[in-house]
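Chemist: upload26.tsv is reproduced in full below (TSV, C-alpha atoms and all ligand atoms).
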```tsv
chain	number	residue	atom	x	y	z
J	1	MET	CA	20.28	-3.01	-16.03
J	2	SER	CA	17.14	-5.06	-16.51
J	3	SER	CA	16.87	-7.58	-19.35
J	4	ARG	CA	14.99	-6.64	-22.50
J	5	LYS	CA	12.42	-9.29	-21.67
J	6	SER	CA	11.40	-7.53	-18.47
J	7	ASN	CA	11.65	-4.14	-20.09
J	8	GLU	CA	8.20	-3.48	-21.46
J	9	LEU	CA	8.97	0.21	-21.78
J	10	GLU	CA	11.92	-0.29	-24.06
J	11	ALA	CA	10.34	-3.13	-25.99
J	12	ASN	CA	7.22	-1.23	-27.03
J	13	PRO	CA	7.33	-0.21	-30.66
J	14	ALA	CA	6.26	3.37	-31.27
J	15	PRO	CA	2.66	3.37	-32.57
J	16	ASP	CA	2.05	4.57	-36.12
J	17	PRO	CA	-0.21	7.62	-35.75
J	18	GLN	CA	-1.74	7.08	-39.20
J	19	ALA	CA	-2.78	3.47	-38.67
J	20	PRO	CA	-6.29	2.76	-37.39
J	21	ILE	CA	-5.50	0.92	-34.19
J	22	THR	CA	-7.68	-2.00	-33.28
J	23	ARG	CA	-6.39	-3.66	-30.17
J	24	LYS	CA	-7.76	-7.13	-29.78
J	25	GLY	CA	-7.39	-10.18	-27.67
J	26	PHE	CA	-7.39	-9.05	-24.06
J	27	LEU	CA	-10.70	-7.54	-23.04
J	28	MET	CA	-13.49	-10.06	-22.93
J	29	SER	CA	-17.07	-9.42	-23.94
J	30	LEU	CA	-19.45	-9.71	-21.01
J	31	ASN	CA	-22.14	-11.25	-23.21
J	32	THR	CA	-20.21	-13.78	-25.23
J	33	GLY	CA	-17.09	-14.33	-23.14
J	34	GLN	CA	-15.16	-13.87	-26.37
J	35	PRO	CA	-12.26	-11.46	-26.75
J	36	LEU	CA	-13.57	-7.98	-27.29
J	37	ALA	CA	-12.28	-6.02	-30.26
J	38	ILE	CA	-11.35	-2.54	-29.17
J	39	PRO	CA	-12.57	0.00	-31.69
J	40	ASP	CA	-10.30	2.56	-33.29
J	41	CYS	CA	-8.49	4.85	-30.94
J	42	ASN	CA	-10.55	7.90	-31.76
J	43	VAL	CA	-13.72	6.17	-30.54
J	44	TYR	CA	-12.24	5.68	-27.10
J	45	GLY	CA	-10.74	8.44	-25.04
J	46	SER	CA	-7.66	8.76	-22.95
J	47	CYS	CA	-5.35	5.90	-21.92
J	48	ARG	CA	-1.81	6.65	-23.07
J	49	PRO	CA	0.65	3.96	-24.14
J	50	VAL	CA	3.50	3.15	-21.79
J	51	ALA	CA	5.90	3.84	-24.66
J	52	GLU	CA	5.49	7.50	-23.75
J	53	PHE	CA	7.47	6.90	-20.59
J	54	GLU	CA	11.21	6.48	-20.44
J	55	LYS	CA	12.28	3.99	-17.84
J	56	LEU	CA	15.10	5.26	-15.63
J	57	ASN	CA	15.54	2.60	-13.00
J	58	ARG	CA	13.69	-0.02	-11.03
J	59	VAL	CA	12.87	1.13	-7.51
J	60	GLY	CA	10.92	-1.73	-6.10
J	61	GLU	CA	9.27	-5.02	-6.68
J	62	GLY	CA	6.48	-6.41	-4.57
J	63	SER	CA	4.20	-9.41	-4.83
J	64	TYR	CA	1.83	-7.57	-7.16
J	65	GLY	CA	4.05	-5.55	-9.43
J	66	ILE	CA	7.37	-4.05	-10.42
J	67	VAL	CA	7.85	-0.34	-9.79
J	68	TYR	CA	10.04	1.84	-12.02
J	69	ARG	CA	11.20	5.40	-11.78
J	70	ALA	CA	10.39	6.86	-15.17
J	71	ARG	CA	10.24	10.10	-17.14
J	72	ASP	CA	7.04	11.22	-18.78
J	73	THR	CA	8.28	12.31	-22.20
J	74	ARG	CA	5.32	14.67	-22.62
J	75	ASN	CA	6.39	16.97	-19.82
J	76	ASN	CA	9.69	15.54	-18.51
J	77	GLU	CA	8.17	14.88	-15.10
J	78	ILE	CA	9.58	12.05	-13.03
J	79	VAL	CA	6.93	9.53	-12.05
J	80	ALA	CA	6.61	6.06	-10.56
J	81	LEU	CA	5.33	3.43	-12.95
J	82	LYS	CA	3.92	0.29	-11.37
J	83	LYS	CA	3.47	-2.61	-13.73
J	84	VAL	CA	0.51	-4.67	-12.64
J	85	ARG	CA	1.54	-8.29	-12.49
J	86	MET	CA	-0.54	-10.43	-14.83
J	87	ASP	CA	1.31	-13.76	-14.42
J	88	GLN	CA	-1.57	-15.82	-13.13
J	89	GLU	CA	-4.39	-14.08	-14.95
J	90	LYS	CA	-6.19	-15.74	-17.84
J	91	ASP	CA	-9.07	-13.36	-18.29
J	92	GLY	CA	-8.41	-9.86	-17.16
J	93	LEU	CA	-6.70	-7.69	-14.64
J	94	PRO	CA	-5.86	-9.27	-11.29
J	95	VAL	CA	-8.15	-8.21	-8.47
J	96	SER	CA	-5.27	-6.49	-6.65
J	97	GLY	CA	-4.61	-4.25	-9.67
J	98	LEU	CA	-8.27	-3.40	-10.04
J	99	ARG	CA	-8.68	-2.61	-6.37
J	100	GLU	CA	-5.65	-0.40	-6.38
J	101	ILE	CA	-6.90	1.56	-9.40
J	102	MET	CA	-10.47	1.93	-8.14
J	103	ILE	CA	-9.51	2.97	-4.63
J	104	LEU	CA	-6.64	5.28	-5.56
J	105	LYS	CA	-8.93	7.03	-8.03
J	106	GLN	CA	-11.19	7.93	-5.10
J	107	CYS	CA	-8.38	9.23	-2.91
J	108	LYS	CA	-7.02	12.74	-3.10
J	109	HIS	CA	-4.96	13.48	-0.04
J	110	GLU	CA	-1.52	14.90	0.55
J	111	ASN	CA	-0.49	11.80	2.47
J	112	ILE	CA	-1.78	9.21	0.01
J	113	VAL	CA	0.21	8.42	-3.11
J	114	GLN	CA	-1.52	9.97	-6.08
J	115	LEU	CA	-2.55	7.87	-9.05
J	116	ARG	CA	-2.09	10.17	-12.03
J	117	GLU	CA	-3.33	7.85	-14.74
J	118	VAL	CA	-3.34	4.30	-16.01
J	119	VAL	CA	-1.33	3.52	-19.15
J	120	VAL	CA	-1.30	0.42	-21.28
J	121	GLY	CA	1.33	-1.81	-22.86
J	122	LYS	CA	1.29	-2.66	-26.52
J	123	SER	CA	-1.53	-5.19	-26.58
J	124	LEU	CA	-3.54	-4.28	-23.50
J	125	ASP	CA	-2.06	-7.30	-21.80
J	126	SER	CA	-0.04	-5.06	-19.55
J	127	ILE	CA	-1.29	-2.22	-17.43
J	128	PHE	CA	0.79	0.36	-15.61
J	129	LEU	CA	-0.19	2.74	-12.82
J	130	VAL	CA	1.45	6.15	-13.15
J	131	MET	CA	1.94	7.65	-9.70
J	132	ASP	CA	3.74	10.57	-8.14
J	133	PHE	CA	7.30	9.52	-7.52
J	134	CYS	CA	8.52	9.36	-3.92
J	135	GLU	CA	12.24	9.28	-3.30
J	136	GLN	CA	12.21	6.61	-0.63
J	137	ASP	CA	10.19	4.19	1.41
J	138	LEU	CA	10.43	3.99	5.16
J	139	ALA	CA	11.69	0.40	5.10
J	140	SER	CA	14.82	1.42	3.20
J	141	VAL	CA	15.22	4.56	5.31
J	142	LEU	CA	15.08	2.42	8.46
J	143	ASP	CA	17.54	-0.08	6.97
J	144	ASN	CA	20.03	2.65	6.21
J	145	MET	CA	19.83	4.74	9.35
J	146	PRO	CA	22.68	4.46	11.82
J	147	GLN	CA	20.26	5.02	14.73
J	148	PRO	CA	16.46	5.05	15.18
J	149	PHE	CA	14.39	8.14	14.38
J	150	THR	CA	14.23	10.80	17.09
J	151	GLU	CA	10.88	11.13	18.81
J	152	SER	CA	10.06	14.35	16.96
J	153	GLU	CA	10.79	12.60	13.63
J	154	VAL	CA	8.55	9.72	14.70
J	155	LYS	CA	5.78	12.20	15.49
J	156	CYS	CA	6.25	13.94	12.16
J	157	ILE	CA	5.87	10.63	10.27
J	158	THR	CA	3.03	9.21	12.33
J	159	LEU	CA	0.94	12.38	12.27
J	160	GLN	CA	1.03	12.26	8.49
J	161	VAL	CA	0.10	8.58	8.41
J	162	LEU	CA	-2.77	9.25	10.82
J	163	ARG	CA	-4.12	12.02	8.58
J	164	ALA	CA	-4.14	9.60	5.66
J	165	LEU	CA	-5.86	6.94	7.77
J	166	LYS	CA	-8.49	9.36	9.01
J	167	TYR	CA	-9.24	10.32	5.40
J	168	MET	CA	-9.41	6.72	4.19
J	169	HIS	CA	-11.44	5.38	7.10
J	170	ALA	CA	-13.95	8.22	6.80
J	171	ARG	CA	-14.53	6.89	3.26
J	172	TYR	CA	-14.83	3.29	4.44
J	173	ILE	CA	-11.55	2.33	2.82
J	174	ILE	CA	-9.40	-0.18	4.73
J	175	HIS	CA	-5.82	-0.43	3.51
J	176	ARG	CA	-5.20	-3.96	4.87
J	177	ASP	CA	-1.45	-3.93	4.20
J	178	LEU	CA	0.03	-1.11	6.23
J	179	LYS	CA	3.73	-1.62	6.89
J	180	VAL	CA	6.87	0.50	6.70
J	181	SER	CA	7.65	-0.52	3.10
J	182	ASN	CA	4.25	0.84	2.06
J	183	LEU	CA	4.95	4.25	3.56
J	184	LEU	CA	6.78	6.38	1.03
J	185	MET	CA	8.57	9.63	1.69
J	186	THR	CA	9.31	12.48	-0.72
J	187	ASP	CA	12.51	14.49	-0.62
J	188	LYS	CA	10.52	17.11	1.30
J	189	GLY	CA	9.68	14.67	4.09
J	190	CYS	CA	6.06	14.24	2.99
J	191	ILE	CA	4.80	10.75	3.86
J	192	LYS	CA	2.51	8.99	1.37
J	193	VAL	CA	0.63	5.81	2.10
J	194	ALA	CA	1.06	3.50	-0.93
J	195	ASP	CA	0.20	0.04	-2.22
J	196	PHE	CA	-3.57	-0.21	-2.21
J	197	GLY	CA	-3.51	-3.66	-3.84
J	198	LEU	CA	-5.20	-5.23	-0.81
J	199	ALA	CA	-7.36	-2.24	0.09
J	200	ARG	CA	-11.12	-2.47	-0.04
J	201	LEU	CA	-14.28	-0.75	0.91
J	202	TYR	CA	-16.11	-2.05	3.94
J	203	CYS	CA	-19.55	-1.41	5.27
J	204	ASN	CA	-21.22	-0.96	8.63
J	205	PRO	CA	-22.18	-3.48	10.00
J	206	PRO	CA	-19.17	-5.26	8.49
J	207	LYS	CA	-19.69	-7.99	5.89
J	208	PRO	CA	-17.46	-11.09	5.70
J	209	MET	CA	-14.01	-10.54	4.18
J	210	THR	CA	-11.00	-12.77	3.95
J	211	PRO	CA	-8.91	-12.80	7.16
J	212	GLN	CA	-5.59	-13.74	5.45
J	213	MET	CA	-4.71	-10.10	4.94
J	214	VAL	CA	-1.98	-7.83	6.24
J	215	THR	CA	1.68	-8.84	6.41
J	216	LEU	CA	2.13	-11.10	9.45
J	217	TRP	CA	4.17	-8.71	11.62
J	218	TYR	CA	1.45	-6.05	11.37
J	219	ARG	CA	-1.57	-8.36	11.52
J	220	ALA	CA	-4.20	-7.67	14.16
J	221	PRO	CA	-5.20	-10.45	16.59
J	222	GLU	CA	-8.75	-10.64	15.20
J	223	LEU	CA	-7.28	-11.50	11.77
J	224	LEU	CA	-4.85	-14.02	13.24
J	225	LEU	CA	-7.81	-15.65	14.98
J	226	GLY	CA	-9.81	-15.88	11.76
J	227	SER	CA	-12.40	-13.13	12.16
J	228	ARG	CA	-14.10	-12.40	8.83
J	229	THR	CA	-16.01	-9.34	9.92
J	230	TYR	CA	-13.24	-6.94	10.65
J	231	THR	CA	-13.10	-3.18	10.29
J	232	ALA	CA	-10.66	-0.30	9.88
J	233	ALA	CA	-9.37	-1.28	13.35
J	234	VAL	CA	-7.02	-3.74	11.57
J	235	ASP	CA	-5.22	-0.72	10.06
J	236	MET	CA	-4.97	0.88	13.51
J	237	TRP	CA	-3.29	-2.23	14.93
J	238	ALA	CA	-0.82	-2.17	12.02
J	239	PHE	CA	-0.30	1.54	12.69
J	240	GLY	CA	0.54	0.69	16.34
J	241	CYS	CA	3.17	-1.81	15.09
J	242	ILE	CA	4.61	0.88	12.81
J	243	LEU	CA	4.73	3.45	15.64
J	244	GLY	CA	6.55	0.90	17.82
J	245	GLU	CA	8.96	0.01	14.99
J	246	LEU	CA	9.82	3.66	14.35
J	247	LEU	CA	10.48	4.20	18.05
J	248	ILE	CA	12.75	1.20	18.57
J	249	GLY	CA	14.25	1.13	15.06
J	250	LYS	CA	13.39	-2.51	14.41
J	251	PRO	CA	10.21	-4.53	13.81
J	252	LEU	CA	8.16	-4.70	16.99
J	253	LEU	CA	6.48	-8.09	16.54
J	254	PRO	CA	8.48	-10.07	13.95
J	255	GLY	CA	6.72	-13.43	14.10
J	256	ASN	CA	7.51	-16.14	11.55
J	257	SER	CA	4.22	-18.02	11.77
J	258	GLU	CA	0.69	-17.22	12.93
J	259	ILE	CA	1.19	-18.91	16.29
J	260	ALA	CA	4.60	-17.25	16.77
J	261	GLN	CA	2.93	-13.93	15.97
J	262	LEU	CA	0.21	-14.53	18.57
J	263	ASP	CA	2.88	-15.54	21.10
J	264	LEU	CA	4.81	-12.32	20.51
J	265	ILE	CA	1.64	-10.25	20.91
J	266	ILE	CA	0.77	-11.99	24.16
J	267	GLU	CA	4.34	-11.66	25.43
J	268	LEU	CA	4.09	-7.88	24.89
J	269	LEU	CA	0.50	-7.24	25.96
J	270	GLY	CA	-0.64	-10.16	28.09
J	271	ALA	CA	-3.21	-12.76	27.10
J	272	PRO	CA	-6.63	-11.70	25.78
J	273	SER	CA	-9.74	-12.87	27.60
J	274	LYS	CA	-13.51	-12.85	27.28
J	275	SER	CA	-13.73	-10.00	29.80
J	276	ILE	CA	-11.52	-7.57	27.87
J	277	TRP	CA	-12.59	-8.80	24.43
J	278	PRO	CA	-16.24	-9.84	24.22
J	279	GLY	CA	-16.67	-12.43	21.47
J	280	PHE	CA	-13.02	-13.51	21.71
J	281	THR	CA	-13.87	-17.13	22.62
J	282	GLU	CA	-16.03	-17.50	19.50
J	283	LEU	CA	-13.28	-16.54	17.07
J	284	PRO	CA	-13.02	-19.31	14.44
J	285	ALA	CA	-9.28	-20.01	14.59
J	286	LEU	CA	-9.02	-20.03	18.38
J	287	GLN	CA	-9.38	-23.82	18.44
J	288	ASN	CA	-6.27	-24.13	16.21
J	289	PHE	CA	-3.98	-22.55	18.78
J	290	THR	CA	-3.06	-23.05	22.42
J	291	LEU	CA	-2.47	-19.49	23.55
J	292	SER	CA	0.03	-18.63	26.26
J	293	GLN	CA	-1.57	-17.30	29.44
J	294	GLN	CA	1.11	-14.68	30.14
J	295	PRO	CA	-0.84	-12.09	32.20
J	296	TYR	CA	1.32	-8.93	32.09
J	297	ASN	CA	1.39	-5.88	29.85
J	298	ASN	CA	5.09	-5.34	29.09
J	299	LEU	CA	4.84	-2.19	26.98
J	300	LYS	CA	6.46	-0.16	29.73
J	301	SER	CA	9.62	-2.25	29.81
J	302	LYS	CA	9.77	-2.48	26.00
J	303	PHE	CA	9.52	1.31	25.60
J	304	GLN	CA	11.41	2.49	28.64
J	305	ALA	CA	12.35	5.89	27.25
J	306	LEU	CA	8.79	6.66	26.18
J	307	ARG	CA	6.75	8.99	28.38
J	308	PRO	CA	3.26	8.04	29.64
J	309	ALA	CA	1.39	9.80	26.80
J	310	GLY	CA	3.31	7.77	24.22
J	311	ARG	CA	2.72	4.53	26.08
J	312	GLY	CA	-0.90	5.49	26.53
J	313	LEU	CA	-1.25	5.89	22.77
J	314	LEU	CA	0.37	2.51	22.10
J	315	ASN	CA	-1.94	0.90	24.65
J	316	LEU	CA	-4.97	2.36	22.88
J	317	LEU	CA	-3.73	1.06	19.51
J	318	PHE	CA	-3.09	-2.39	20.98
J	319	ILE	CA	-6.52	-2.85	22.55
J	320	TYR	CA	-7.50	-6.43	21.73
J	321	ASN	CA	-11.17	-5.62	21.26
J	322	PRO	CA	-11.29	-4.04	17.77
J	323	SER	CA	-14.45	-2.09	18.55
J	324	THR	CA	-12.75	-0.12	21.31
J	325	ARG	CA	-9.30	0.20	19.68
J	326	ALA	CA	-8.27	3.82	19.02
J	327	THR	CA	-9.40	5.36	15.73
J	328	ALA	CA	-7.16	7.59	13.61
J	329	GLU	CA	-9.09	10.63	14.75
J	330	GLU	CA	-8.67	9.72	18.42
J	331	CYS	CA	-4.95	9.23	17.89
J	332	LEU	CA	-4.64	12.63	16.23
J	333	ASN	CA	-6.09	14.14	19.40
J	334	SER	CA	-3.69	12.24	21.65
J	335	LYS	CA	-1.69	14.15	24.22
J	336	TYR	CA	1.38	12.44	22.78
J	337	PHE	CA	1.37	14.84	19.84
J	338	VAL	CA	0.93	17.90	22.04
J	339	GLU	CA	3.61	17.29	24.66
J	340	PRO	CA	7.26	17.95	23.82
J	341	PRO	CA	9.20	17.05	21.80
J	342	GLN	CA	6.95	18.41	19.09
J	343	ALA	CA	6.80	16.83	15.64
J	344	CYS	CA	9.63	18.18	13.50
J	345	ASP	CA	9.08	20.02	10.24
J	346	PRO	CA	8.83	17.40	7.44
J	347	ARG	CA	11.63	19.19	5.57
J	348	MET	CA	13.96	18.29	8.46
J	349	MET	CA	13.45	14.54	7.99
J	350	PRO	CA	16.58	12.52	7.18
J	351	THR	CA	16.79	11.30	3.59
J	352	PHE	CA	18.85	8.62	1.84
J	353	PRO	CA	17.72	8.85	-1.80
J	354	GLN	CA	21.01	7.43	-3.09
J	355	HIS	CA	19.93	3.98	-1.91
J	356	ARG	CA	17.17	3.72	-4.48
J	357	ASN	CA	17.84	6.12	-7.30
J	358	SER	CA	21.01	5.05	-9.02
J	359	LEU	CA	20.35	6.90	-12.24
J	360	THR	CA	20.60	4.64	-15.28
J	361	THR	CA	19.20	6.56	-18.19
J	362	ASN	CA	17.92	4.72	-21.20
J	363	ALA	CA	17.04	7.52	-23.57
J	364	GLN	CA	14.50	6.27	-26.07
J	365	PRO	CA	13.27	7.93	-29.26
J	366	GLN	CA	10.23	10.09	-28.54
J	367	PRO	CA	7.02	8.28	-29.49
J	368	PRO	CA	4.32	9.91	-31.59
J	369	PRO	CA	1.01	10.92	-29.96
J	370	PRO	CA	-0.67	8.09	-28.14
J	371	ALA	CA	-3.45	5.75	-29.08
J	372	GLU	CA	-6.09	6.56	-26.52
J	373	ILE	CA	-8.34	4.22	-24.58
J	374	PRO	CA	-10.17	5.54	-21.52
J	375	ILE	CA	-9.61	3.91	-18.19
J	376	SER	CA	-13.34	3.83	-17.54
J	377	ASP	CA	-13.84	1.49	-20.50
J	378	LEU	CA	-11.07	-0.81	-19.37
J	379	LEU	CA	-12.45	-0.89	-15.88
J	380	ASN	CA	-16.08	-1.42	-16.81
J	381	VAL	CA	-15.21	-4.59	-18.64
J	382	PHE	CA	-12.75	-5.91	-16.11
J	383	ILE	CA	-14.70	-5.05	-13.00
J	384	LYS	CA	-17.73	-7.09	-13.96
J	385	ARG	CA	-15.58	-10.14	-14.58
J	386	GLN	CA	-13.85	-10.09	-11.23
J	387	ARG	CA	-14.99	-11.34	-7.87
J	388	LEU	CA	-13.78	-8.63	-5.58
J	389	ASP	CA	-13.08	-10.75	-2.56
P	1	LIG	N1	5.02	6.05	-6.03
P	1	LIG	C1	6.18	5.45	-5.75
P	1	LIG	N2	7.33	6.14	-5.75
P	1	LIG	C2	8.51	5.53	-5.47
P	1	LIG	N3	8.64	4.24	-5.14
P	1	LIG	C3	7.53	3.50	-5.10
P	1	LIG	C4	6.24	4.05	-5.43
P	1	LIG	N4	5.32	3.06	-5.29
P	1	LIG	C5	5.99	1.97	-4.92
P	1	LIG	N5	7.32	2.20	-4.81
P	1	LIG	C6	8.39	1.24	-4.41
P	1	LIG	O1	8.08	-0.05	-4.88
P	1	LIG	C7	7.92	-0.97	-3.78
P	1	LIG	C8	6.82	-1.95	-4.12
P	1	LIG	O2	5.63	-1.22	-4.41
P	1	LIG	P1	4.21	-1.69	-3.94
P	1	LIG	O3	4.28	-1.90	-2.43
P	1	LIG	O4	3.18	-0.76	-4.42
P	1	LIG	O5	4.13	-3.09	-4.70
P	1	LIG	P2	3.40	-4.42	-4.26
P	1	LIG	O6	3.69	-5.43	-5.30
P	1	LIG	O7	1.97	-4.14	-4.04
P	1	LIG	O8	4.17	-4.74	-2.90
P	1	LIG	P3	3.82	-5.75	-1.70
P	1	LIG	O9	4.56	-7.02	-1.97
P	1	LIG	O10	4.40	-5.00	-0.52
P	1	LIG	O11	2.35	-5.91	-1.60
P	1	LIG	C9	7.64	-0.08	-2.57
P	1	LIG	O12	8.05	-0.66	-1.36
P	1	LIG	C10	8.48	1.15	-2.90
P	1	LIG	O13	9.82	0.93	-2.54
```
Would you mind writing the file out in structure tokens?

Modeler:
Amino acid sequence: MSSRKSNELEANPAPDPQAPITRKGFLMSLNTGQPLAIPDCNVYGSCRPVAEFEKLNRVGEGSYGIVYRARDTRNNEIVALKKVRMDQEKDGLPVSGLREIMILKQCKHENIVQLREVVVGKSLDSIFLVMDFCEQDLASVLDNMPQPFTESEVKCITLQVLRALKYMHARYIIHRDLKVSNLLMTDKGCIKVADFGLARLYCNPPKPMTPQMVTLWYRAPELLLGSRTYTAAVDMWAFGCILGELLIGKPLLPGNSEIAQLDLIIELLGAPSKSIWPGFTELPALQNFTLSQQPYNNLKSKFQALRPAGRGLLNLLFIYNPSTRATAEECLNSKYFVEPPQACDPRMMPTFPQHRNSLTTNAQPQPPPPAEIPISDLLNVFIKRQRLD
């Protein structure tokens, strides 16, 4: 049971439908920098209050928000409710929350978690993302499995992730935080890429972006070496780490510092050089590290049971030079997915929902119809105040 303090959903008083609601004190005027008074609810459109959702249980907590399993009292549907963390913010939504909302609004794909709507807490100082609920994430599935996935299960998962990546990359969206805990799975074995808090749009040719992205174990060498002009290839490296992790049932490159991460990469793949990675010697952070000169590619001994097509795919994903690393589309056409064993039917995927969904119901009185504020108005004000990188 969570404390009342953390329980925004329970703490929200039901709004009085008769009262003209003027919500003040959070949005800031772009002209004056003063808090912006929000006009009466009927002037604005469609953001529902979070009080309309009944919290069932907490399913996850990450660096940027707490995620609840909740019931939408309007239609009884079970949804995921992600509370955007506001701790450090003095004047508006945190950039991660904004990015997640803006990018998820653009994505409609079976293998990307769907943002249904954004709802607000009682004084607009808390924002919640309402998403389709997925019964589990791959990190907890992996933690609870007695043995690694079979190869046909791995293919089933990775094909779905690749379809999501192909869709995102075609729209110039880089996820920048792909890892097993950000891959959700429904009870029908459908994989959904989640957590777009670090995602952003990129352009061609790439413009500078911050290199301190992506959880260390999944971080591409160009990021570890400080490149600021990276591309969707960083997601493909992370995807390679995920493929390896699914095959061996444990993290492939679990470094505990940037140099340890680079060492593990070199131990597995051999040292990079100017000849295989043009521009490598100019990477900004290279001078901070003394890289091992281990010359051998050890993928074959690490993945002994894997046939050549599988190893070939991993090798393409672990190409040091980001501009020649495999794209999602190229991976989808890989022989690996054609040769047996074929990908299994998603409905045959193993599931362990009991690990996350201990049902603690907190039935709340049904709230009256919501005060409505459209997401576009919230965003317009916030967006202009935020530096997006
Ligand atoms: N739509 C969803 N359905 C079910 N569970 C979810 C959903 N979205 C997120 N979760 C759970 O909540 C956890 C944290 O969510 P998320 O990764 O979006 O938060 P975060 O704060 O951005 O995390 P991180 O620290 O990884 O950046 C996930 O690992 C997952 O277990």

Chemist: How far is it from atom CA of J:Asn321 to atom CA of J:Ile276, in Å with one decimal?

Modeler: 6.9 Å

Chemist: With a distance cut-off of 7 Å and all atoms listed in the file, select the neighbouring residues of stretch 229-246 of chain J, excluding the residue or stretch itself and same-chain residues fewer than 5 positions from it, and output the selection as a list in words.

Modeler: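 With the cut-off at 7 Å, the set is Pro148, Phe149, Val154, Thr158, His169, Ile174, His175, Arg176, Leu178, Lys179, Val180, Pro206, Lys207, Pro208, Met209, Tyr218, Arg219, Ala220, Pro251, Leu252, Leu314, Leu317, Phe318, Pro322, Arg325 and Thr327 of chain J.
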
Chemist: Smallest atom-to-atom distance to ligand LIG 1 (chain P): which of J:Glu222, J:Glu135, J:Asp345, J:Glu258, using all atoms listed in the file?

Modeler: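 Going through J:Glu222, J:Glu135, J:Asp345, J:Glu258 one by one, the smallest distance to ligand LIG 1 (chain P) is for J:Glu135.
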
Chemist: Please give me, as a ChimeraX atom specification, the residues lying within 9 Å of ligand LIG 1 (chain P) when counting all atoms listed in the file.

Modeler: /J:58-69,79-85,96-97,100,113-115,130-140,177-186,192,194-198,215,356

Chemist: If you count only C-alpha atoms, which residues fall within 7 Å of stretch 307-312 of chain J, apart from same-chain ones fewer than 4 positions away, as a PyMOL selection string?

Modeler: chain J and resi 316+335-336

Chemist: Could you please determine the separation between atom CA of J:Leu283 and atom CA of J:Ile173 in Å, to one decimal place?

Modeler: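 Computing it gives 23.7 Å between the two atoms.
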
Chemist: Dig up all the protein and nucleic acid residues within 8 Å of (-10.2, 4.7, -3.0) in the file frame, using all atoms listed in the file, and format them as a PyMOL selection string.

Modeler: chain J and resi 100-107+168+171+173+200-201

Chemist: Kindly save the residues from that selection, with C-alpha atoms included, as a PDB file, in the frame of the given file.

Modeler:
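Just written: again00.pdb:
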```
ATOM      1  CA  GLU J 100      -5.650  -0.400  -6.380  1.00  0.00           C
ATOM      2  CA  ILE J 101      -6.900   1.560  -9.400  1.00  0.00           C
ATOM      3  CA  MET J 102     -10.470   1.930  -8.140  1.00  0.00           C
ATOM      4  CA  ILE J 103      -9.510   2.970  -4.630  1.00  0.00           C
ATOM      5  CA  LEU J 104      -6.640   5.280  -5.560  1.00  0.00           C
ATOM      6  CA  LYS J 105      -8.930   7.030  -8.030  1.00  0.00           C
ATOM      7  CA  GLN J 106     -11.190   7.930  -5.100  1.00  0.00           C
ATOM      8  CA  CYS J 107      -8.380   9.230  -2.910  1.00  0.00           C
ATOM      9  CA  MET J 168      -9.410   6.720   4.190  1.00  0.00           C
ATOM     10  CA  ARG J 171     -14.530   6.890   3.260  1.00  0.00           C
ATOM     11  CA  ILE J 173     -11.550   2.330   2.820  1.00  0.00           C
ATOM     12  CA  ARG J 200     -11.120  -2.470  -0.040  1.00  0.00           C
ATOM     13  CA  LEU J 201     -14.280  -0.750   0.910  1.00  0.00           C
TER      14      LEU J 201
END
```

Chemist: Model the absent atoms of stretch 179-188 of chain J so that N, CA and C atoms are present, and write the result as a tab-separated table (two decimals), keeping the file's coordinate frame.

Modeler:
```tsv
chain	number	residue	atom	x	y	z
J	179	LYS	N	2.42	-1.19	6.37
J	179	LYS	CA	3.73	-1.62	6.89
J	179	LYS	C	4.73	-0.57	6.45
J	180	VAL	N	5.95	-0.61	7.00
J	180	VAL	CA	6.87	0.50	6.70
J	180	VAL	C	7.24	0.56	5.21
J	181	SER	N	7.27	-0.59	4.52
J	181	SER	CA	7.65	-0.52	3.10
J	181	SER	C	6.53	0.08	2.25
J	182	ASN	N	5.34	0.19	2.80
J	182	ASN	CA	4.25	0.84	2.06
J	182	ASN	C	4.05	2.30	2.47
J	183	LEU	N	4.98	2.82	3.24
J	183	LEU	CA	4.95	4.25	3.56
J	183	LEU	C	6.10	4.90	2.81
J	184	LEU	N	5.77	5.74	1.86
J	184	LEU	CA	6.78	6.38	1.03
J	184	LEU	C	7.06	7.77	1.57
J	185	MET	N	8.24	8.28	1.23
J	185	MET	CA	8.57	9.63	1.69
J	185	MET	C	9.20	10.41	0.53
J	186	THR	N	8.72	11.63	0.34
J	186	THR	CA	9.31	12.48	-0.72
J	186	THR	C	10.57	13.14	-0.18
J	187	ASP	N	11.29	13.81	-1.08
J	187	ASP	CA	12.51	14.49	-0.62
J	187	ASP	C	12.19	15.70	0.26
J	188	LYS	N	10.90	16.02	0.39
J	188	LYS	CA	10.52	17.11	1.30
J	188	LYS	C	9.94	16.58	2.60
```
